[in-house]
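Trainee: Here you go, one structure.
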Amino acid sequence: MTDRSREELAARRGREALAIRRRLVAHLAAGGTTDFAAAPMEHSVEWYTDPAWAAREVRELFLERPLMVGLSQELPGAGDRLVFEAVGRSVVVVRDESGVLRAFRNMCAHRGAKLVRPAAEGRGRESSSRITCPFHAWSYDLQGTLRSVPGAPAFEGLERRTRRLIPVPVAEWNGAIFVCLEGHGPLECARFLGEFAPVIEQLELGQFKPVQSSALQARTNWKYALDTYGEGYHFGTLHASTIGVTHFPNVAVFDAFGPHWRLNFAARALAGLVGRPESAWPLAEYGGIHFLFPNTVLVVGGLEGEEAFVRAFRIFPGATPGEMSCQFAVYARGITPEAYRARFGVDDSRSEVTEEDYRIAVEAFANLAVAPAGSRLVFGRNEPAIQAFHRAVAEALGAPT
Ligand code: FES
Ligand SMILES: [Fe+2]
């Protein structure tokens, strides 16, 4: 990307940051209003607990749609690889010699062994011009072609060409990597991002380097876990001593882009801007919660100047409606991963705020699982992002909204 287009993206971020801030300050000036949905939205408890819905979600939202698996800088060089595991599938993504990403089922064509194990936390990235099976050492090139079979005479007569890795659709788009676990044909990122594409493009995800990653599992429904990222109504109570200290509860601006959305909460510092002319406001840093349907939450924040971070939460259904997992990763731009860690310490999926949210989500799911049939829950007008999420899920599954 040229310096000029990078400048243009930075200018676009600056304009949007100011526009978002204007709306937040207007809410504060009005005494603490927030963006509203048209009406409260009710839905049944079974929406979270019914195994039939859960099975359809796995198939139609997670197997047949593109999912974001990481950022380009996780695989900067030829032979670099990452393993993506979700909803029972394991995929290995590699960068080939020409710089193109390829993805394969993480399954050996000999007897199905897992070829590459997920990198252990803290272990550096792995790179090699071959993918070699840990079972009997069959070895594949970065195009997935079988290149070497130890004890080859034992396989005489076997058509080697047919023994190759099974490809999985993969695409790299503006610094983000997507796969479709059981998709066919090429992945059209710009098409499924739709109106959200320019918003994701302006994040310049290609500039972000991985800082750390971790994972957690919880006994709750994946949608319930996701809901906790989509409203600030609970900041004053559940997060009274954490994010509630730095942010106003129940003051947010919400923008929908098809099934995707962006949400910004009001930092308490913004109260100082009420009644002051815009010309006296400090520079607004672009940020916000960027939700990529169906499961990815990118919390974006500007630090100083060029410095910015992305905290990614990718939420997946587990084996039953009451199990989920979250893959968490931090990325930074304009600051080295080492400097970021030194400045902010370990930021993992078990941060205080996440713990607070997941505890509620687990306890609530235990209630929902035994609630009287026909019980209904409700999202308020002040929870437009969650309303949008559930509407988008329902629409994707052809469920009544
Ligand atoms: S299963 Fe992979 S080499 Fe045997
Ligand atoms: Fe929360």
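Note on naming: chains are A, B, ... as they come in the structure tokens, residues start from 1 per chain, ligands start from 1 in the order shown.
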Name the residues of stretch 171-306 of chain A that come out as alpha helix (DSSP H) in a backbone DSSP run; write them as an MDAnalysis selection string.
Mentor: chainID A and resid 189:193 197:201 222:227 243:246
Trainee: Could you please take those selected residues and save N, CA and C atoms as a PDB file, in the first residue's frame?
Mentor:
```pdb
ATOM      1  N   CYS A 189     -14.578 -11.977  -0.276  1.00  0.00           N
ATOM      2  CA  CYS A 189     -14.610 -11.216   0.980  1.00  0.00           C
ATOM      3  C   CYS A 189     -15.405  -9.928   0.835  1.00  0.00           C
ATOM      4  N   ALA A 190     -15.115  -9.172  -0.240  1.00  0.00           N
ATOM      5  CA  ALA A 190     -15.785  -7.875  -0.381  1.00  0.00           C
ATOM      6  C   ALA A 190     -17.301  -8.063  -0.450  1.00  0.00           C
ATOM      7  N   ARG A 191     -17.723  -9.187  -1.018  1.00  0.00           N
ATOM      8  CA  ARG A 191     -19.162  -9.414  -1.151  1.00  0.00           C
ATOM      9  C   ARG A 191     -19.812  -9.703   0.202  1.00  0.00           C
ATOM     10  N   PHE A 192     -19.185 -10.568   1.006  1.00  0.00           N
ATOM     11  CA  PHE A 192     -19.869 -10.844   2.274  1.00  0.00           C
ATOM     12  C   PHE A 192     -19.683  -9.721   3.286  1.00  0.00           C
ATOM     13  N   LEU A 193     -18.638  -8.902   3.129  1.00  0.00           N
ATOM     14  CA  LEU A 193     -18.501  -7.749   4.029  1.00  0.00           C
ATOM     15  C   LEU A 193     -19.444  -6.622   3.609  1.00  0.00           C
ATOM     16  N   ALA A 197     -17.171  -3.353   4.236  1.00  0.00           N
ATOM     17  CA  ALA A 197     -15.830  -3.496   3.670  1.00  0.00           C
ATOM     18  C   ALA A 197     -14.972  -2.230   3.838  1.00  0.00           C
ATOM     19  N   PRO A 198     -15.500  -1.028   3.507  1.00  0.00           N
ATOM     20  CA  PRO A 198     -14.652   0.155   3.676  1.00  0.00           C
ATOM     21  C   PRO A 198     -14.260   0.400   5.140  1.00  0.00           C
ATOM     22  N   VAL A 199     -15.141   0.028   6.061  1.00  0.00           N
ATOM     23  CA  VAL A 199     -14.847   0.237   7.484  1.00  0.00           C
ATOM     24  C   VAL A 199     -13.706  -0.682   7.926  1.00  0.00           C
ATOM     25  N   ILE A 200     -13.732  -1.924   7.458  1.00  0.00           N
ATOM     26  CA  ILE A 200     -12.658  -2.862   7.800  1.00  0.00           C
ATOM     27  C   ILE A 200     -11.375  -2.469   7.064  1.00  0.00           C
ATOM     28  N   GLU A 201     -11.520  -2.030   5.828  1.00  0.00           N
ATOM     29  CA  GLU A 201     -10.344  -1.616   5.062  1.00  0.00           C
ATOM     30  C   GLU A 201      -9.599  -0.490   5.771  1.00  0.00           C
ATOM     31  N   TRP A 222     -23.028 -19.800  22.730  1.00  0.00           N
ATOM     32  CA  TRP A 222     -22.135 -18.848  22.056  1.00  0.00           C
ATOM     33  C   TRP A 222     -22.804 -17.517  21.807  1.00  0.00           C
ATOM     34  N   LYS A 223     -24.118 -17.522  21.543  1.00  0.00           N
ATOM     35  CA  LYS A 223     -24.809 -16.260  21.287  1.00  0.00           C
ATOM     36  C   LYS A 223     -24.932 -15.445  22.577  1.00  0.00           C
ATOM     37  N   TYR A 224     -25.141 -16.155  23.691  1.00  0.00           N
ATOM     38  CA  TYR A 224     -25.234 -15.423  24.965  1.00  0.00           C
ATOM     39  C   TYR A 224     -23.889 -14.764  25.286  1.00  0.00           C
ATOM     40  N   ALA A 225     -22.807 -15.505  25.028  1.00  0.00           N
ATOM     41  CA  ALA A 225     -21.472 -14.936  25.267  1.00  0.00           C
ATOM     42  C   ALA A 225     -21.257 -13.714  24.374  1.00  0.00           C
ATOM     43  N   LEU A 226     -21.658 -13.842  23.118  1.00  0.00           N
ATOM     44  CA  LEU A 226     -21.485 -12.708  22.191  1.00  0.00           C
ATOM     45  C   LEU A 226     -22.296 -11.488  22.640  1.00  0.00           C
ATOM     46  N   ASP A 227     -23.491 -11.745  23.161  1.00  0.00           N
ATOM     47  CA  ASP A 227     -24.351 -10.638  23.596  1.00  0.00           C
ATOM     48  C   ASP A 227     -23.627  -9.712  24.581  1.00  0.00           C
ATOM     49  N   ILE A 243     -14.587  -1.458  33.767  1.00  0.00           N
ATOM     50  CA  ILE A 243     -14.858  -0.547  32.652  1.00  0.00           C
ATOM     51  C   ILE A 243     -15.875   0.539  33.042  1.00  0.00           C
ATOM     52  N   GLY A 244     -16.673   0.255  34.065  1.00  0.00           N
ATOM     53  CA  GLY A 244     -17.632   1.256  34.544  1.00  0.00           C
ATOM     54  C   GLY A 244     -16.954   2.475  35.151  1.00  0.00           C
ATOM     55  N   VAL A 245     -15.704   2.333  35.532  1.00  0.00           N
ATOM     56  CA  VAL A 245     -14.955   3.471  36.073  1.00  0.00           C
ATOM     57  C   VAL A 245     -14.543   4.411  34.938  1.00  0.00           C
ATOM     58  N   THR A 246     -14.207   3.835  33.796  1.00  0.00           N
ATOM     59  CA  THR A 246     -13.678   4.639  32.693  1.00  0.00           C
ATOM     60  C   THR A 246     -14.748   5.041  31.687  1.00  0.00           C
TER      61      THR A 246
END
```
Trainee: Would you kindly return, as a list in words, each protein, DNA or RNA residue with an atom no farther than 12 Å from any atom of A:Glu352, considering only C-alpha atoms and excluding same-chain residues fewer than 4 positions away?
Mentor: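 Residues near the query, excluding close chain neighbours: Leu238, His239, Ala240, Ser241, Thr242, Ile243, Val346, Asp347, Asp348, Glu356, Asp357, Tyr358 and Arg359 of chain A.
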Trainee: Go through the chains and note each residue within 12 Å of ligand 1, using only C-alpha atoms and all ligand atoms, then give the set as a ChimeraX atom specification.
Mentor: /A:106-116,131-140,146-152,155,163-165
Trainee: Which of these, A:Val69, A:Leu397, A:Ala269, A:His247, has the shortest distance to ligand 2 once you count only C-alpha atoms and all ligand atoms?
Mentor: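 Comparing A:Val69, A:Leu397, A:Ala269, A:His247 against ligand 2, the winner is A:His247.
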Trainee: Report as a list of chain:residue names all protein, DNA and RNA residues lying within 7 Å of stretch 248-250 of chain A, evaluated on only C-alpha atoms, omitting residues in the same chain fewer than 6 positions from it.
Mentor: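 The residues that qualify are A:Thr34, A:Gly232, A:Tyr233, A:His234, A:Phe235, A:Gly236, A:Ala266, A:Ala267, A:Arg268.
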Trainee: May I ask which of the residues A:Pro210, A:Gly32, A:Pro40, A:Pro66 is the closest one to A:Phe293, counting only C-alpha atoms?
Mentor: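 Using only C-alpha atoms, the shortest distance to A:Phe293 belongs to A:Pro66.
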Trainee: Just the residues within 8 Å of stretch 388-391 of chain A, please, counting only C-alpha atoms, with nothing from its chain fewer than 3 positions along; format it as a PDB file with N, CA and C atoms, in the first residue's frame.
Mentor:
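Result went into around.pdb, see below:
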```pdb
ATOM      1  N   ALA A 256     -25.063   0.190  11.852  1.00  0.00           N
ATOM      2  CA  ALA A 256     -25.210  -1.135  11.225  1.00  0.00           C
ATOM      3  C   ALA A 256     -24.726  -1.076   9.789  1.00  0.00           C
ATOM      4  N   PRO A 259     -25.381  -7.202   8.163  1.00  0.00           N
ATOM      5  CA  PRO A 259     -25.417  -7.964   9.417  1.00  0.00           C
ATOM      6  C   PRO A 259     -24.259  -7.604  10.359  1.00  0.00           C
ATOM      7  N   HIS A 260     -23.326  -6.783   9.889  1.00  0.00           N
ATOM      8  CA  HIS A 260     -22.166  -6.371  10.689  1.00  0.00           C
ATOM      9  C   HIS A 260     -22.476  -5.033  11.361  1.00  0.00           C
ATOM     10  N   PHE A 293     -20.149 -10.359  11.299  1.00  0.00           N
ATOM     11  CA  PHE A 293     -21.074 -11.471  11.394  1.00  0.00           C
ATOM     12  C   PHE A 293     -20.407 -12.740  10.837  1.00  0.00           C
ATOM     13  N   PRO A 294     -20.540 -13.907  11.463  1.00  0.00           N
ATOM     14  CA  PRO A 294     -21.432 -14.169  12.599  1.00  0.00           C
ATOM     15  C   PRO A 294     -20.768 -14.150  13.980  1.00  0.00           C
ATOM     16  N   PRO A 384     -29.319  -1.943  20.750  1.00  0.00           N
ATOM     17  CA  PRO A 384     -29.553  -2.121  19.308  1.00  0.00           C
ATOM     18  C   PRO A 384     -28.564  -3.094  18.655  1.00  0.00           C
ATOM     19  N   ALA A 385     -27.350  -3.165  19.161  1.00  0.00           N
ATOM     20  CA  ALA A 385     -26.358  -4.040  18.513  1.00  0.00           C
ATOM     21  C   ALA A 385     -26.745  -5.506  18.700  1.00  0.00           C
ATOM     22  N   ALA A 394     -31.269 -14.851  12.855  1.00  0.00           N
ATOM     23  CA  ALA A 394     -32.589 -15.362  12.491  1.00  0.00           C
ATOM     24  C   ALA A 394     -32.780 -15.315  10.969  1.00  0.00           C
ATOM     25  N   GLU A 395     -32.375 -14.194  10.393  1.00  0.00           N
ATOM     26  CA  GLU A 395     -32.522 -14.047   8.956  1.00  0.00           C
ATOM     27  C   GLU A 395     -31.696 -15.100   8.208  1.00  0.00           C
ATOM     28  N   THR A 401     -38.435 -13.579  13.185  1.00  0.00           N
ATOM     29  CA  THR A 401     -37.798 -12.601  14.089  1.00  0.00           C
ATOM     30  C   THR A 401     -38.840 -12.021  15.027  1.00  0.00           C
TER      31      THR A 401
END
```
Trainee: Give the answer as one residue: which of A:Ser44, A:Thr237, A:Gln207, A:Asn264 has the shortest atom-to-atom distance to ligand 2, using only C-alpha atoms and all ligand atoms?
Mentor: A:Thr237
Trainee: Quick one: residues within 12 Å of A:Ser349, only C-alpha atoms counted, chain neighbours fewer than 4 positions away excluded, as a list in words?
Mentor: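 The residues that qualify are Gln212, Ser213, Ser214, Ala215, Leu216, Gln217, Ala218, Arg311, Ala312, Phe313, Arg314, Ile315, Ser325, Cys326, Gln327, Phe328, Ala329, Val330, Val353, Thr354, Glu355, Glu356, Asp357 and Tyr358 of chain A.
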Trainee: Find the distance between atom CA of A:Pro277 and atom CA of A:Arg22 and write it in Å to one decimal.
Mentor: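 Interatomic distance, atom CA of A:Pro277 to atom CA of A:Arg22: 10.9 Å.
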Trainee: Output as a ChimeraX atom specification all residues of stretch 253-349 of chain A that backbone DSSP marks as strand (DSSP E or B).
Mentor: /A:253-257,260-267,288-292,296-302,308-317,324-333
Trainee: Restricted to N, CA and C atoms, what would the selected residues look like written as a compact mmCIF listing (two decimals), in the first residue's frame?
Mentor:
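Listing of result39.txt after writing:
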```txt
# COMPACT_ATOMS: atom_id res chain seq x y z
N VAL A 253 -23.03 4.88 20.63
CA VAL A 253 -23.50 5.11 19.26
C VAL A 253 -23.32 3.81 18.48
N PHE A 254 -24.32 3.54 17.67
CA PHE A 254 -24.41 2.26 16.98
C PHE A 254 -24.60 2.49 15.49
N ASP A 255 -23.83 1.78 14.67
CA ASP A 255 -23.97 1.86 13.22
C ASP A 255 -24.03 0.46 12.64
N ALA A 256 -25.06 0.19 11.85
CA ALA A 256 -25.21 -1.14 11.22
C ALA A 256 -24.73 -1.08 9.79
N PHE A 257 -24.10 -2.15 9.36
CA PHE A 257 -23.63 -2.30 7.98
C PHE A 257 -24.05 -3.70 7.54
N HIS A 260 -23.33 -6.78 9.89
CA HIS A 260 -22.17 -6.37 10.69
C HIS A 260 -22.48 -5.03 11.36
N TRP A 261 -21.72 -4.69 12.37
CA TRP A 261 -21.96 -3.39 13.00
C TRP A 261 -20.75 -2.86 13.74
N ARG A 262 -20.88 -1.58 14.12
CA ARG A 262 -19.85 -0.92 14.93
C ARG A 262 -20.54 -0.24 16.10
N LEU A 263 -19.90 -0.32 17.24
CA LEU A 263 -20.48 0.22 18.47
C LEU A 263 -19.39 1.00 19.20
N ASN A 264 -19.75 2.19 19.67
CA ASN A 264 -18.79 2.99 20.46
C ASN A 264 -19.43 3.40 21.78
N PHE A 265 -18.70 3.22 22.84
CA PHE A 265 -19.18 3.63 24.17
C PHE A 265 -18.55 4.98 24.53
N ALA A 266 -19.19 5.67 25.48
CA ALA A 266 -18.71 7.01 25.86
C ALA A 266 -17.72 6.91 27.01
N ALA A 267 -16.48 7.25 26.73
CA ALA A 267 -15.49 7.34 27.80
C ALA A 267 -15.86 8.51 28.72
N GLY A 288 -13.42 1.53 18.36
CA GLY A 288 -14.77 1.01 18.49
C GLY A 288 -14.81 -0.50 18.39
N ILE A 289 -15.98 -1.04 18.71
CA ILE A 289 -16.18 -2.48 18.60
C ILE A 289 -16.70 -2.76 17.21
N HIS A 290 -15.94 -3.54 16.44
CA HIS A 290 -16.32 -3.87 15.07
C HIS A 290 -16.76 -5.34 15.06
N PHE A 291 -18.01 -5.56 14.73
CA PHE A 291 -18.53 -6.94 14.74
C PHE A 291 -18.67 -7.44 13.32
N LEU A 292 -17.97 -8.53 13.02
CA LEU A 292 -18.10 -9.20 11.73
C LEU A 292 -18.99 -10.41 11.92
N THR A 296 -17.20 -12.58 15.06
CA THR A 296 -15.91 -11.96 15.36
C THR A 296 -16.06 -10.54 15.89
N VAL A 297 -15.49 -10.29 17.05
CA VAL A 297 -15.53 -8.97 17.67
C VAL A 297 -14.11 -8.41 17.64
N LEU A 298 -13.93 -7.30 16.93
CA LEU A 298 -12.63 -6.64 16.91
C LEU A 298 -12.76 -5.34 17.70
N VAL A 299 -12.13 -5.31 18.86
CA VAL A 299 -12.13 -4.08 19.65
C VAL A 299 -10.90 -3.29 19.21
N VAL A 300 -11.15 -2.16 18.57
CA VAL A 300 -10.07 -1.38 18.00
C VAL A 300 -9.87 -0.13 18.84
N GLY A 301 -8.62 0.20 19.13
CA GLY A 301 -8.36 1.41 19.90
C GLY A 301 -7.11 2.11 19.40
N GLY A 302 -7.17 3.43 19.35
CA GLY A 302 -5.99 4.21 19.00
C GLY A 302 -5.23 4.53 20.27
N ALA A 308 -1.77 1.76 17.58
CA ALA A 308 -3.14 1.29 17.76
C ALA A 308 -3.11 -0.19 18.11
N PHE A 309 -4.23 -0.66 18.67
CA PHE A 309 -4.33 -2.09 18.97
C PHE A 309 -5.64 -2.63 18.46
N VAL A 310 -5.66 -3.93 18.24
CA VAL A 310 -6.89 -4.66 17.97
C VAL A 310 -6.93 -5.82 18.95
N ARG A 311 -8.03 -5.94 19.67
CA ARG A 311 -8.24 -7.12 20.53
C ARG A 311 -9.37 -7.90 19.86
N ALA A 312 -9.03 -9.12 19.42
CA ALA A 312 -9.99 -9.91 18.67
C ALA A 312 -10.56 -11.02 19.54
N PHE A 313 -11.88 -11.12 19.55
CA PHE A 313 -12.57 -12.21 20.24
C PHE A 313 -13.36 -12.95 19.18
N ARG A 314 -13.03 -14.21 18.97
CA ARG A 314 -13.80 -15.01 18.01
C ARG A 314 -14.52 -16.09 18.80
N ILE A 315 -15.85 -16.08 18.68
CA ILE A 315 -16.71 -16.91 19.53
C ILE A 315 -17.27 -18.06 18.69
N PHE A 316 -17.20 -19.26 19.24
CA PHE A 316 -17.66 -20.44 18.50
C PHE A 316 -18.59 -21.29 19.35
N PRO A 317 -19.57 -21.91 18.69
CA PRO A 317 -20.41 -22.87 19.43
C PRO A 317 -19.58 -24.09 19.80
N MET A 324 -19.35 -23.24 24.61
CA MET A 324 -18.79 -22.35 23.60
C MET A 324 -17.30 -22.19 23.87
N SER A 325 -16.62 -21.63 22.88
CA SER A 325 -15.22 -21.30 23.10
C SER A 325 -14.94 -19.93 22.50
N CYS A 326 -13.90 -19.31 23.01
CA CYS A 326 -13.51 -17.99 22.52
C CYS A 326 -12.02 -18.01 22.21
N GLN A 327 -11.67 -17.65 21.00
CA GLN A 327 -10.25 -17.50 20.64
C GLN A 327 -9.94 -16.01 20.72
N PHE A 328 -8.96 -15.71 21.54
CA PHE A 328 -8.63 -14.30 21.81
C PHE A 328 -7.24 -14.00 21.28
N ALA A 329 -7.08 -12.82 20.69
CA ALA A 329 -5.74 -12.42 20.23
C ALA A 329 -5.63 -10.91 20.29
N VAL A 330 -4.43 -10.45 20.57
CA VAL A 330 -4.14 -9.01 20.58
C VAL A 330 -3.15 -8.74 19.45
N TYR A 331 -3.36 -7.64 18.73
CA TYR A 331 -2.48 -7.21 17.65
C TYR A 331 -2.16 -5.73 17.87
N ALA A 332 -0.98 -5.32 17.42
CA ALA A 332 -0.62 -3.91 17.60
C ALA A 332 0.01 -3.35 16.34
N ARG A 333 -0.23 -2.07 16.12
CA ARG A 333 0.35 -1.35 15.00
C ARG A 333 1.16 -0.16 15.55
```
